[in-house]
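*Asks:* This is the content of target_17.pdb (PDB, C-alpha atoms and all ligand atoms):
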ATOM      1  CA  MET R1168      32.273  -7.178   3.812
ATOM      2  CA  SER R1169      29.736  -7.258   1.015
ATOM      3  CA  GLN R1170      32.092  -6.635  -1.890
ATOM      4  CA  HIS R1171      29.387  -5.381  -4.231
ATOM      5  CA  SER R1172      27.660  -3.005  -1.859
ATOM      6  CA  ALA R1173      29.560   0.014  -3.141
ATOM      7  CA  GLY R1174      27.737  -0.306  -6.456
ATOM      8  CA  THR R1175      24.665   1.757  -5.676
ATOM      9  CA  ALA R1176      23.976   5.330  -4.775
ATOM     10  CA  LEU R1177      22.213   4.317  -1.553
ATOM     11  CA  PRO R1178      23.958   6.322   1.193
ATOM     12  CA  ALA R1179      25.556   4.553   4.149
ATOM     13  CA  ILE R1180      23.155   6.128   6.659
ATOM     14  CA  THR R1181      19.423   6.492   6.102
ATOM     15  CA  LEU R1182      16.834   7.972   8.431
ATOM     16  CA  GLY R1183      13.943   5.577   9.003
ATOM     17  CA  THR R1184      10.452   6.873   9.654
ATOM     18  CA  GLY R1185       8.574   3.744  10.719
ATOM     19  CA  LEU R1186       6.142   3.749  13.647
ATOM     20  CA  ARG R1187       6.297   7.499  14.180
ATOM     21  CA  PRO R1188       3.467  10.025  14.033
ATOM     22  CA  PRO R1189       3.653  12.276  10.950
ATOM     23  CA  THR R1190       4.123  15.430  13.071
ATOM     24  CA  ASP R1191       7.262  13.907  14.644
ATOM     25  CA  VAL R1192       8.460  12.752  11.240
ATOM     26  CA  TYR R1193       8.061  16.231   9.766
ATOM     27  CA  ARG R1194      10.163  17.709  12.586
ATOM     28  CA  LEU R1195      12.801  14.945  12.533
ATOM     29  CA  VAL R1196      13.226  15.008   8.753
ATOM     30  CA  GLY R1197      13.566  18.800   8.832
ATOM     31  CA  TRP R1198      16.323  18.586  11.457
ATOM     32  CA  ALA R1199      17.934  15.694   9.604
ATOM     33  CA  LEU R1200      18.047  17.608   6.311
ATOM     34  CA  ASP R1201      19.587  20.608   8.079
ATOM     35  CA  MET R1202      22.379  18.496   9.551
ATOM     36  CA  GLY R1203      23.171  16.642   6.337
ATOM     37  CA  TYR R1204      21.027  13.507   6.077
ATOM     38  CA  ARG R1205      20.238  12.862   2.444
ATOM     39  CA  SER R1206      18.538   9.456   2.578
ATOM     40  CA  PHE R1207      15.060   8.695   3.917
ATOM     41  CA  ASP R1208      13.133   5.457   4.279
ATOM     42  CA  THR R1209       9.364   5.264   4.197
ATOM     43  CA  ALA R1210       6.602   2.787   3.403
ATOM     44  CA  ALA R1211       2.934   2.862   2.500
ATOM     45  CA  LEU R1212       2.391   1.089   5.819
ATOM     46  CA  TYR R1213       4.068   3.865   7.846
ATOM     47  CA  GLY R1214       1.869   6.723   6.642
ATOM     48  CA  THR R1215       4.890   9.038   6.726
ATOM     49  CA  GLU R1216       5.305   9.835   3.040
ATOM     50  CA  ALA R1217       3.400  13.127   3.070
ATOM     51  CA  ALA R1218       5.290  14.388   6.143
ATOM     52  CA  ILE R1219       8.639  13.573   4.516
ATOM     53  CA  GLY R1220       7.559  15.289   1.304
ATOM     54  CA  ARG R1221       6.497  18.418   3.171
ATOM     55  CA  ALA R1222       9.747  18.560   5.152
ATOM     56  CA  ILE R1223      11.755  18.221   1.945
ATOM     57  CA  ARG R1224       9.822  20.980   0.196
ATOM     58  CA  ASP R1225      10.108  23.281   3.214
ATOM     59  CA  SER R1226      13.882  22.684   3.367
ATOM     60  CA  GLY R1227      14.389  23.998  -0.164
ATOM     61  CA  ILE R1228      16.884  21.187  -0.821
ATOM     62  CA  ASP R1229      16.973  19.950  -4.394
ATOM     63  CA  ARG R1230      15.164  16.623  -4.693
ATOM     64  CA  ARG R1231      18.003  15.338  -6.877
ATOM     65  CA  GLU R1232      20.363  15.486  -3.879
ATOM     66  CA  LEU R1233      18.176  13.045  -1.964
ATOM     67  CA  PHE R1234      17.669   9.304  -1.873
ATOM     68  CA  ILE R1235      14.155   8.136  -1.034
ATOM     69  CA  THR R1236      13.176   4.516  -0.468
ATOM     70  CA  VAL R1237       9.509   3.508  -0.669
ATOM     71  CA  LYS R1238       7.890   0.167   0.165
ATOM     72  CA  VAL R1239       4.867  -1.487  -1.353
ATOM     73  CA  ARG R1240       2.469  -3.361   0.951
ATOM     74  CA  GLY R1241       1.574  -6.996   0.463
ATOM     75  CA  ASN R1242      -2.002  -6.210  -0.524
ATOM     76  CA  GLU R1243      -0.650  -4.503  -3.663
ATOM     77  CA  TYR R1244       1.569  -7.348  -4.872
ATOM     78  CA  GLY R1245       1.071  -9.140  -8.156
ATOM     79  CA  SER R1246      -0.333  -7.378 -11.183
ATOM     80  CA  ARG R1247       1.289  -4.523 -13.033
ATOM     81  CA  ALA R1248      -1.642  -2.186 -12.344
ATOM     82  CA  ARG R1249      -1.607  -2.782  -8.587
ATOM     83  CA  VAL R1250       2.146  -2.431  -8.193
ATOM     84  CA  HIS R1251       2.345   0.671 -10.385
ATOM     85  CA  GLN R1252      -0.611   2.304  -8.639
ATOM     86  CA  ALA R1253       0.931   1.608  -5.232
ATOM     87  CA  ILE R1254       4.192   3.251  -6.274
ATOM     88  CA  GLU R1255       2.358   6.188  -7.827
ATOM     89  CA  ARG R1256       0.347   6.729  -4.622
ATOM     90  CA  SER R1257       3.577   6.877  -2.616
ATOM     91  CA  LEU R1258       5.141   9.303  -5.081
ATOM     92  CA  GLU R1259       2.074  11.524  -4.987
ATOM     93  CA  ALA R1260       2.110  11.616  -1.186
ATOM     94  CA  LEU R1261       5.821  12.428  -1.230
ATOM     95  CA  GLY R1262       5.323  15.051  -3.932
ATOM     96  CA  THR R1263       8.021  13.626  -6.176
ATOM     97  CA  SER R1264       8.044  12.092  -9.634
ATOM     98  CA  PHE R1265      10.355   9.176  -8.788
ATOM     99  CA  ALA R1266      11.680   7.080  -5.920
ATOM    100  CA  ASP R1267      15.336   6.121  -5.709
ATOM    101  CA  MET R1268      14.495   2.656  -4.450
ATOM    102  CA  VAL R1269      11.376   0.556  -4.163
ATOM    103  CA  VAL R1270      11.059  -2.711  -2.277
ATOM    104  CA  PRO R1271       8.219  -5.123  -1.516
ATOM    105  CA  HIS R1272       7.833  -4.650   2.266
ATOM    106  CA  TRP R1273       7.706  -8.363   3.232
ATOM    107  CA  PRO R1274       8.446 -11.396   1.042
ATOM    108  CA  LEU R1275       5.156 -13.217   1.923
ATOM    109  CA  PRO R1276       6.206 -16.537   0.363
ATOM    110  CA  MET R1277       2.740 -17.932   1.150
ATOM    111  CA  VAL R1278       1.161 -15.660  -1.493
ATOM    112  CA  ARG R1279       3.843 -16.582  -4.071
ATOM    113  CA  ALA R1280       3.996 -13.099  -5.548
ATOM    114  CA  LEU R1281       7.531 -11.924  -4.777
ATOM    115  CA  PRO R1282       9.164 -12.558  -8.180
ATOM    116  CA  SER R1283       6.154 -11.201 -10.102
ATOM    117  CA  THR R1284       6.019  -8.106  -7.883
ATOM    118  CA  PHE R1285       9.750  -7.606  -8.303
ATOM    119  CA  ALA R1286       9.285  -7.920 -12.093
ATOM    120  CA  GLN R1287       6.550  -5.241 -12.018
ATOM    121  CA  MET R1288       8.884  -3.000 -10.041
ATOM    122  CA  LEU R1289      11.537  -3.468 -12.734
ATOM    123  CA  ASP R1290       8.878  -2.407 -15.214
ATOM    124  CA  ALA R1291       8.203   0.689 -13.080
ATOM    125  CA  ARG R1292      11.935   1.380 -13.250
ATOM    126  CA  SER R1293      11.864   1.277 -17.041
ATOM    127  CA  GLU R1294       9.042   3.835 -16.910
ATOM    128  CA  GLY R1295      11.082   6.153 -14.698
ATOM    129  CA  LEU R1296       8.943   5.798 -11.558
ATOM    130  CA  VAL R1297      11.837   4.296  -9.599
ATOM    131  CA  ARG R1298      15.583   4.163 -10.065
ATOM    132  CA  GLY R1299      16.380   0.941  -8.253
ATOM    133  CA  VAL R1300      14.566  -2.164  -7.061
ATOM    134  CA  GLY R1301      15.461  -4.030  -3.912
ATOM    135  CA  LEU R1302      13.982  -6.474  -1.434
ATOM    136  CA  SER R1303      13.188  -6.299   2.240
ATOM    137  CA  ASN R1304      13.326  -9.096   4.808
ATOM    138  CA  ALA R1305      14.317 -11.592   2.110
ATOM    139  CA  SER R1306      16.263 -14.800   2.687
ATOM    140  CA  SER R1307      19.045 -15.946   0.360
ATOM    141  CA  ALA R1308      16.628 -18.475  -1.197
ATOM    142  CA  MET R1309      14.117 -15.698  -1.930
ATOM    143  CA  VAL R1310      16.808 -13.529  -3.522
ATOM    144  CA  ARG R1311      17.906 -16.451  -5.683
ATOM    145  CA  ALA R1312      14.306 -17.114  -6.766
ATOM    146  CA  VAL R1313      13.868 -13.478  -7.799
ATOM    147  CA  ARG R1314      17.112 -13.567  -9.750
ATOM    148  CA  THR R1315      16.165 -16.845 -11.447
ATOM    149  CA  GLU R1316      12.722 -15.629 -12.469
ATOM    150  CA  THR R1317      13.537 -12.049 -13.472
ATOM    151  CA  GLY R1318      17.203 -12.204 -14.461
ATOM    152  CA  GLU R1319      18.066  -9.345 -12.079
ATOM    153  CA  TRP R1320      19.509  -9.141  -8.606
ATOM    154  CA  PRO R1321      17.880  -6.801  -6.094
ATOM    155  CA  VAL R1322      20.161  -3.820  -5.542
ATOM    156  CA  VAL R1323      19.818  -4.209  -1.800
ATOM    157  CA  ASN R1324      18.076  -6.305   0.851
ATOM    158  CA  GLN R1325      16.843  -4.333   3.866
ATOM    159  CA  LEU R1326      16.837  -6.655   6.856
ATOM    160  CA  HIS R1327      16.969  -6.907  10.633
ATOM    161  CA  LEU R1328      20.650  -7.226  11.508
ATOM    162  CA  SER R1329      22.409  -6.655  14.817
ATOM    163  CA  PRO R1330      24.730  -8.517  17.191
ATOM    164  CA  ILE R1331      21.766 -10.498  18.511
ATOM    165  CA  VAL R1332      20.196 -11.170  15.102
ATOM    166  CA  GLY R1333      23.252 -12.196  13.121
ATOM    167  CA  GLN R1334      21.676 -13.340   9.825
ATOM    168  CA  THR R1335      24.788 -15.368   9.072
ATOM    169  CA  ASP R1336      23.183 -17.227   6.184
ATOM    170  CA  PHE R1337      22.355 -13.961   4.425
ATOM    171  CA  THR R1338      25.575 -12.120   5.205
ATOM    172  CA  ARG R1339      27.639 -15.036   3.853
ATOM    173  CA  PHE R1340      25.449 -15.200   0.751
ATOM    174  CA  ALA R1341      25.816 -11.437   0.197
ATOM    175  CA  GLU R1342      29.597 -11.900  -0.022
ATOM    176  CA  THR R1343      29.074 -13.860  -3.213
ATOM    177  CA  VAL R1344      26.396 -11.888  -5.075
ATOM    178  CA  PRO R1345      25.897  -8.244  -6.152
ATOM    179  CA  VAL R1346      23.301  -7.506  -3.477
ATOM    180  CA  GLY R1347      23.956  -4.837  -0.856
ATOM    181  CA  ILE R1348      22.813  -5.140   2.753
ATOM    182  CA  GLN R1349      20.896  -2.368   4.483
ATOM    183  CA  ALA R1350      20.556  -3.242   8.166
ATOM    184  CA  TYR R1351      17.649  -2.141  10.341
ATOM    185  CA  ARG R1352      17.143  -2.525  14.118
ATOM    186  CA  VAL R1353      20.910  -2.180  14.384
ATOM    187  CA  LEU R1354      20.663  -0.683  17.889
ATOM    188  CA  GLU R1355      18.130  -3.198  19.237
ATOM    189  CA  SER R1356      16.680  -0.228  21.073
ATOM    190  CA  GLY R1357      14.563  -1.282  24.048
ATOM    191  CA  SER R1358      16.328  -4.657  24.385
ATOM    192  CA  GLY R1359      18.990  -3.412  26.799
ATOM    193  CA  LEU R1360      21.799  -4.240  24.337
ATOM    194  CA  MET R1361      23.244  -0.720  24.381
ATOM    195  CA  GLN R1362      23.389  -0.879  28.198
ATOM    196  CA  THR R1363      25.309  -4.194  28.409
ATOM    197  CA  ARG R1364      28.806  -4.296  29.860
ATOM    198  CA  LEU R1365      30.288  -5.609  26.595
ATOM    199  CA  ILE R1366      28.900  -2.761  24.480
ATOM    200  CA  SER R1367      29.912  -0.224  27.093
ATOM    201  CA  GLU R1368      33.475  -1.654  27.260
ATOM    202  CA  LEU R1369      33.881  -1.777  23.486
ATOM    203  CA  SER R1370      32.483   1.716  22.973
ATOM    204  CA  GLN R1371      34.997   3.113  25.485
ATOM    205  CA  GLN R1372      37.779   1.162  23.799
ATOM    206  CA  TYR R1373      36.852   2.505  20.333
ATOM    207  CA  GLY R1374      36.140   6.032  21.575
ATOM    208  CA  CYS R1375      32.489   6.315  20.629
ATOM    209  CA  SER R1376      29.021   5.916  22.123
ATOM    210  CA  PRO R1377      27.278   2.518  22.360
ATOM    211  CA  ALA R1378      24.977   3.446  19.442
ATOM    212  CA  GLN R1379      27.952   4.539  17.354
ATOM    213  CA  LEU R1380      29.725   1.272  18.124
ATOM    214  CA  LEU R1381      26.767  -0.748  16.840
ATOM    215  CA  ILE R1382      26.371   1.463  13.771
ATOM    216  CA  GLY R1383      30.129   1.628  13.136
ATOM    217  CA  TRP R1384      30.405  -2.163  13.316
ATOM    218  CA  GLN R1385      27.786  -2.558  10.568
ATOM    219  CA  LEU R1386      29.375   0.156   8.427
ATOM    220  CA  GLY R1387      32.801  -1.441   8.895
ATOM    221  CA  LEU R1388      31.364  -4.693   7.561
ATOM    222  CA  GLY R1389      30.339  -2.836   4.399
ATOM    223  CA  HIS R1390      26.641  -2.707   5.264
ATOM    224  CA  ARG R1391      24.410   0.309   5.014
ATOM    225  CA  VAL R1392      22.111   1.153   7.906
ATOM    226  CA  VAL R1393      18.633   2.599   8.328
ATOM    227  CA  LEU R1394      18.084   4.096  11.757
ATOM    228  CA  GLY R1395      15.259   5.662  13.672
ATOM    229  CA  ALA R1396      15.846   8.512  16.110
ATOM    230  CA  SER R1397      13.663  10.469  18.460
ATOM    231  CA  THR R1398      15.849  13.441  19.335
ATOM    232  CA  LEU R1399      18.133  15.950  17.655
ATOM    233  CA  GLU R1400      21.079  14.544  19.631
ATOM    234  CA  GLN R1401      20.412  11.000  18.447
ATOM    235  CA  LEU R1402      20.082  12.161  14.848
ATOM    236  CA  ARG R1403      23.434  13.919  15.069
ATOM    237  CA  ALA R1404      25.250  11.091  16.853
ATOM    238  CA  ASN R1405      23.982   8.567  14.309
ATOM    239  CA  LEU R1406      24.990  10.690  11.329
ATOM    240  CA  ASP R1407      28.433  11.225  12.892
ATOM    241  CA  SER R1408      29.004   7.439  13.127
ATOM    242  CA  ARG R1409      31.999   6.173  11.213
ATOM    243  CA  PRO R1410      32.874   2.696   9.946
ATOM    244  CA  LEU R1411      34.795   0.816  12.635
ATOM    245  CA  GLU R1412      37.433  -1.794  11.901
ATOM    246  CA  LEU R1413      37.056  -3.879  15.030
ATOM    247  CA  ALA R1414      39.887  -6.190  16.061
ATOM    248  CA  PRO R1415      38.857  -9.741  15.064
ATOM    249  CA  ALA R1416      38.567 -10.769  18.727
ATOM    250  CA  ASP R1417      36.200  -7.858  19.440
ATOM    251  CA  SER R1418      34.127  -8.586  16.362
ATOM    252  CA  GLN R1419      33.829 -12.198  17.542
ATOM    253  CA  ARG R1420      32.693 -11.054  20.989
ATOM    254  CA  LEU R1421      29.866  -9.127  19.290
ATOM    255  CA  ALA R1422      29.019 -11.989  16.958
ATOM    256  CA  ARG R1423      28.757 -14.347  19.961
ATOM    257  CA  LEU R1424      25.748 -12.338  21.170
ATOM    258  CA  ASP R1425      23.783 -13.802  18.234
ATOM    259  CA  ARG R1426      20.771 -15.440  19.880
ATOM    260  CA  PHE R1427      18.367 -15.805  16.995
ATOM    261  CA  SER R1428      20.485 -15.865  13.828
ATOM    262  CA  LEU R1429      17.309 -15.059  11.885
ATOM    263  CA  ALA R1430      14.980 -12.129  12.404
ATOM    264  CA  LYS R1431      11.806 -12.235  14.438
ATOM    265  CA  PRO R1432       9.246 -12.255  12.903
ATOM    266  CA  ASP R1433      10.534 -14.952  10.583
ATOM    267  CA  PRO R1434      10.082 -13.692   6.988
ATOM    268  CA  VAL R1435       9.218 -17.211   5.854
ATOM    269  CA  THR R1436       6.063 -17.292   7.973
ATOM    270  CA  HIS R1437       5.359 -13.592   8.600
ATOM    271  CA  PHE R1438       2.072 -12.482   7.013
ATOM    272  CA  GLU R1439       1.286  -8.784   6.832
ATOM    273  CA  LEU R1440      -0.713  -6.944   4.204
TER
HETATM  274  N1  LIG D   1      11.763  -3.326   6.146
HETATM  275  C1  LIG D   1      11.202  -3.537   7.317
HETATM  276  O1  LIG D   1      10.388  -4.458   7.488
HETATM  277  C2  LIG D   1      11.564  -2.652   8.472
HETATM  278  C3  LIG D   1      11.281  -3.086   9.770
HETATM  279  C4  LIG D   1      11.646  -2.245  10.833
HETATM  280  C5  LIG D   1      12.269  -1.030  10.571
HETATM  281  N2  LIG D   1      12.513  -0.632   9.291
HETATM  282  C6  LIG D   1      13.114   0.684   8.976
HETATM  283  O2  LIG D   1      14.204   0.860   9.831
HETATM  284  C7  LIG D   1      14.032   2.086  10.558
HETATM  285  C8  LIG D   1      14.695   1.961  11.911
HETATM  286  O3  LIG D   1      13.875   1.167  12.722
HETATM  287  P1  LIG D   1      14.457   0.349  13.890
HETATM  288  O4  LIG D   1      13.402  -0.482  14.482
HETATM  289  O5  LIG D   1      15.649  -0.313  13.314
HETATM  290  O6  LIG D   1      14.825   1.469  14.883
HETATM  291  P2  LIG D   1      16.239   1.692  15.539
HETATM  292  O7  LIG D   1      16.998   2.587  14.664
HETATM  293  O8  LIG D   1      16.842   0.390  15.932
HETATM  294  O9  LIG D   1      15.773   2.352  16.873
HETATM  295  C9  LIG D   1      15.321   3.664  16.912
HETATM  296  C10 LIG D   1      15.307   4.058  18.377
HETATM  297  O10 LIG D   1      16.605   3.829  18.911
HETATM  298  C11 LIG D   1      16.891   4.844  19.842
HETATM  299  N3  LIG D   1      18.078   5.563  19.342
HETATM  300  C12 LIG D   1      18.304   6.051  18.112
HETATM  301  N4  LIG D   1      19.508   6.634  18.049
HETATM  302  C13 LIG D   1      20.058   6.510  19.259
HETATM  303  C14 LIG D   1      21.290   6.908  19.821
HETATM  304  N5  LIG D   1      22.211   7.554  19.087
HETATM  305  N6  LIG D   1      21.532   6.611  21.102
HETATM  306  C15 LIG D   1      20.617   5.963  21.845
HETATM  307  N7  LIG D   1      19.430   5.561  21.384
HETATM  308  C16 LIG D   1      19.148   5.832  20.103
HETATM  309  C17 LIG D   1      15.673   5.727  19.934
HETATM  310  O11 LIG D   1      14.854   5.186  20.955
HETATM  311  P3  LIG D   1      14.250   6.105  22.123
HETATM  312  O12 LIG D   1      13.134   6.856  21.468
HETATM  313  O13 LIG D   1      13.772   5.080  23.123
HETATM  314  O14 LIG D   1      15.358   6.956  22.622
HETATM  315  C18 LIG D   1      15.028   5.523  18.598
HETATM  316  O15 LIG D   1      13.650   5.758  18.638
HETATM  317  C19 LIG D   1      12.516   2.266  10.615
HETATM  318  O16 LIG D   1      12.166   3.593  10.886
HETATM  319  C20 LIG D   1      12.135   1.825   9.234
HETATM  320  O17 LIG D   1      12.373   2.898   8.339
HETATM  321  C21 LIG D   1      12.182  -1.441   8.235
END
Let me see the structure of the file written as structure tokens.
Ligand SMILES: NC(=O)c1ccc[n+]([C@@H]2O[C@H](COP(=O)([O-])OP(=O)(O)OC[C@H]3O[C@@H](n4cnc5c(N)ncnc54)[C@H](OP(=O)(O)O)[C@@H]3O)[C@@H](O)[C@H]2O)c1

*Replies:*
Amino acid sequence: MSQHSAGTALPAITLGTGLRPPTDVYRLVGWALDMGYRSFDTAALYGTEAAIGRAIRDSGIDRRELFITVKVRGNEYGSRARVHQAIERSLEALGTSFADMVVPHWPLPMVRALPSTFAQMLDARSEGLVRGVGLSNASSAMVRAVRTETGEWPVVNQLHLSPIVGQTDFTRFAETVPVGIQAYRVLESGSGLMQTRLISELSQQYGCSPAQLLIGWQLGLGHRVVLGASTLEQLRANLDSRPLELAPADSQRLARLDRFSLAKPDPVTHFEL
């Protein structure tokens, strides 16, 4: 378990809004707010900021009760003006004066701008635009480089993490540094993982659904999760997930599904602006 992950206000369960049309996002965020979600993940790339902002305003829920994560695209990395403008554009679309967390969407080591972008985000924090600065899809070496060059650890690293993408290098590293883990693609939806005999057996054994087993395993390891959902039922089931303390033998059975260890695409080579 990441011993330092309790240090931030980032809730255990966040609703993700990637790759969804804004009309769906508006509806899903509205339902999610009604049932108790308080954390939402967006990105300039997703085009979902305005829909989230509208759903929040229509809910009447106080902005201060919420946790909103925004992501800056690679084509805005580097200078103070670009990074600040990117954050301000996201805030304007959301209709809020601050974000709770900002992260550079991909590390893009080939453009060599991660530490400088992170430093500009820290500057945005000192100006009150954001409350915390994290990373996304970063390796342990990238986190170390950011720490060395800026003197600060990212609050959290949002990364692909599931039984089949184990990220053992990063999870071991996170045991030793004050960087929380926020896992995405936890369910490996569309891969057939939730339908496998092992997941079905374990979910019966632990008295939950396959999705709740996969979520509960991550939460039990001390990780936070960011999850997509397409129905009211999925939203509710995901929010109702609880941390699971799996027997060591069961945890090992899950860990043995690790086929890639690292995420695909590989953040070291992935280029996306
Ligand atoms: N930082 C990054 O680079 C990055 C990359 C990817 C994602 N993310 C973030 O992570 C969020 C989650 O994305 P993801 O790819 O990880 O999605 P996910 O949560 O793994 O999958 C979402 C899909 O899983 C299915 N699902 C959800 N709850 C379920 C349940 N209780 N039972 C059965 N099926 C369920 C639904 O698929 P059906 O519609 O088929 O039912 C839903 O559309 C994104 O929205 C985004 O905010 C970040």

*Asks:* May I have a table of the residues of chain R lying at most 6 Å from ligand LIG 1 (chain D), giving each one's closest pair of atoms and their distance in Å to one decimal, counting all atoms listed in the file, ordered by chain and ascending residue number, as JSON lines?

*Replies:*
{"residue": "R:Gly1183", "atom": "CA", "partner": "D:LIG1", "partner_atom": "O17", "distance": 3.2}
{"residue": "R:Thr1184", "atom": "CA", "partner": "D:LIG1", "partner_atom": "O16", "distance": 3.9}
{"residue": "R:Gly1185", "atom": "CA", "partner": "D:LIG1", "partner_atom": "O16", "distance": 3.6}
{"residue": "R:Asp1208", "atom": "CA", "partner": "D:LIG1", "partner_atom": "O17", "distance": 4.9}
{"residue": "R:Thr1209", "atom": "CA", "partner": "D:LIG1", "partner_atom": "O17", "distance": 5.6}
{"residue": "R:His1272", "atom": "CA", "partner": "D:LIG1", "partner_atom": "N1", "distance": 5.7}
{"residue": "R:Ser1303", "atom": "CA", "partner": "D:LIG1", "partner_atom": "N1", "distance": 5.1}
{"residue": "R:Gln1325", "atom": "CA", "partner": "D:LIG1", "partner_atom": "N1", "distance": 5.7}
{"residue": "R:Tyr1351", "atom": "CA", "partner": "D:LIG1", "partner_atom": "O5", "distance": 4.0}
{"residue": "R:Arg1352", "atom": "CA", "partner": "D:LIG1", "partner_atom": "O5", "distance": 2.8}
{"residue": "R:Val1353", "atom": "CA", "partner": "D:LIG1", "partner_atom": "O8", "distance": 5.1}
{"residue": "R:Leu1354", "atom": "CA", "partner": "D:LIG1", "partner_atom": "O8", "distance": 4.4}
{"residue": "R:Glu1355", "atom": "CA", "partner": "D:LIG1", "partner_atom": "O8", "distance": 5.0}
{"residue": "R:Ser1356", "atom": "CA", "partner": "D:LIG1", "partner_atom": "O10", "distance": 4.6}
{"residue": "R:Ala1378", "atom": "CA", "partner": "D:LIG1", "partner_atom": "N6", "distance": 5.0}
{"residue": "R:Val1393", "atom": "CA", "partner": "D:LIG1", "partner_atom": "O2", "distance": 5.0}
{"residue": "R:Leu1394", "atom": "CA", "partner": "D:LIG1", "partner_atom": "O7", "distance": 3.5}
{"residue": "R:Gly1395", "atom": "CA", "partner": "D:LIG1", "partner_atom": "O7", "distance": 3.7}
{"residue": "R:Ala1396", "atom": "CA", "partner": "D:LIG1", "partner_atom": "C18", "distance": 4.0}
{"residue": "R:Ser1397", "atom": "CA", "partner": "D:LIG1", "partner_atom": "O15", "distance": 4.7}
{"residue": "R:Gln1401", "atom": "CA", "partner": "D:LIG1", "partner_atom": "N5", "distance": 3.9}
{"residue": "R:Ala1404", "atom": "CA", "partner": "D:LIG1", "partner_atom": "N5", "distance": 5.2}
{"residue": "R:Asn1405", "atom": "CA", "partner": "D:LIG1", "partner_atom": "N5", "distance": 5.2}

*Asks:* At most 12 Å is the cut-off: for each residue in segment 1260-1327 of chain R with any atom that close to an atom of segment 1218-1231 of chain R, write down the nearest atom pair and the distance in Å rounded to one decimal, counting only C-alpha atoms, chain first then increasing number, as JSON lines.

*Replies:*
{"residue": "R:Ala1260", "atom": "CA", "partner": "R:Gly1220", "partner_atom": "CA", "distance": 7.0}
{"residue": "R:Leu1261", "atom": "CA", "partner": "R:Gly1220", "partner_atom": "CA", "distance": 4.2}
{"residue": "R:Gly1262", "atom": "CA", "partner": "R:Gly1220", "partner_atom": "CA", "distance": 5.7}
{"residue": "R:Thr1263", "atom": "CA", "partner": "R:Gly1220", "partner_atom": "CA", "distance": 7.7}
{"residue": "R:Ser1264", "atom": "CA", "partner": "R:Arg1230", "partner_atom": "CA", "distance": 9.8}
{"residue": "R:Phe1265", "atom": "CA", "partner": "R:Arg1230", "partner_atom": "CA", "distance": 9.8}
{"residue": "R:Ala1266", "atom": "CA", "partner": "R:Arg1230", "partner_atom": "CA", "distance": 10.2}
{"residue": "R:Asp1267", "atom": "CA", "partner": "R:Arg1231", "partner_atom": "CA", "distance": 9.7}
{"residue": "R:Arg1298", "atom": "CA", "partner": "R:Arg1231", "partner_atom": "CA", "distance": 11.9}

*Asks:* Using the selection just defined, write its residues with C-alpha atoms as a PDB file, in the coordinates of the input.

*Replies:*
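What landed in part_26.pdb:
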ATOM      1  CA  ALA R1260       2.110  11.616  -1.186  1.00  0.00           C
ATOM      2  CA  LEU R1261       5.821  12.428  -1.230  1.00  0.00           C
ATOM      3  CA  GLY R1262       5.323  15.051  -3.932  1.00  0.00           C
ATOM      4  CA  THR R1263       8.021  13.626  -6.176  1.00  0.00           C
ATOM      5  CA  SER R1264       8.044  12.092  -9.634  1.00  0.00           C
ATOM      6  CA  PHE R1265      10.355   9.176  -8.788  1.00  0.00           C
ATOM      7  CA  ALA R1266      11.680   7.080  -5.920  1.00  0.00           C
ATOM      8  CA  ASP R1267      15.336   6.121  -5.709  1.00  0.00           C
ATOM      9  CA  ARG R1298      15.583   4.163 -10.065  1.00  0.00           C
TER      10      ARG R1298
END

*Asks:* Let me make sure I understand: among R:Leu1399, R:Leu1381, R:Leu1328, R:Ala1312, which one has the smallest atom-to-atom distance to Glu1412 of chain R if we use all atoms listed in the file?

*Replies:* R:Leu1381

*Asks:* Have a look at R:Arg1292, R:Arg1187, R:Arg1311, R:Arg1240 and name the one nearest to Glu1439 of chain R; count only C-alpha atoms.

*Replies:*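 Counting only C-alpha atoms, the residue closest to Glu1439 of chain R is R:Arg1240.
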
*Asks:* Which neighbours of segment 1314-1317 of chain R fall inside 12 Å, counting all atoms listed in the file, when residues of the same chain fewer than 6 positions from it are skipped, and could you give them as a short mmCIF file (atom, residue, chain, number, x, y, z; two decimals) with C-alpha atoms, in the coordinates of the input?

*Replies:*
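Written file, result.cif:
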data_model
loop_
_atom_site.label_atom_id
_atom_site.label_comp_id
_atom_site.auth_asym_id
_atom_site.auth_seq_id
_atom_site.Cartn_x
_atom_site.Cartn_y
_atom_site.Cartn_z
CA ALA R 1280 4.00 -13.10 -5.55
CA LEU R 1281 7.53 -11.92 -4.78
CA PRO R 1282 9.16 -12.56 -8.18
CA SER R 1283 6.15 -11.20 -10.10
CA THR R 1284 6.02 -8.11 -7.88
CA PHE R 1285 9.75 -7.61 -8.30
CA ALA R 1286 9.28 -7.92 -12.09
CA GLN R 1287 6.55 -5.24 -12.02
CA MET R 1288 8.88 -3.00 -10.04
CA LEU R 1289 11.54 -3.47 -12.73
CA ASP R 1290 8.88 -2.41 -15.21
CA VAL R 1300 14.57 -2.16 -7.06
CA GLY R 1301 15.46 -4.03 -3.91
CA LEU R 1302 13.98 -6.47 -1.43
CA SER R 1307 19.05 -15.95 0.36
CA ALA R 1308 16.63 -18.48 -1.20
CA VAL R 1344 26.40 -11.89 -5.08
CA PRO R 1345 25.90 -8.24 -6.15
CA VAL R 1346 23.30 -7.51 -3.48
#
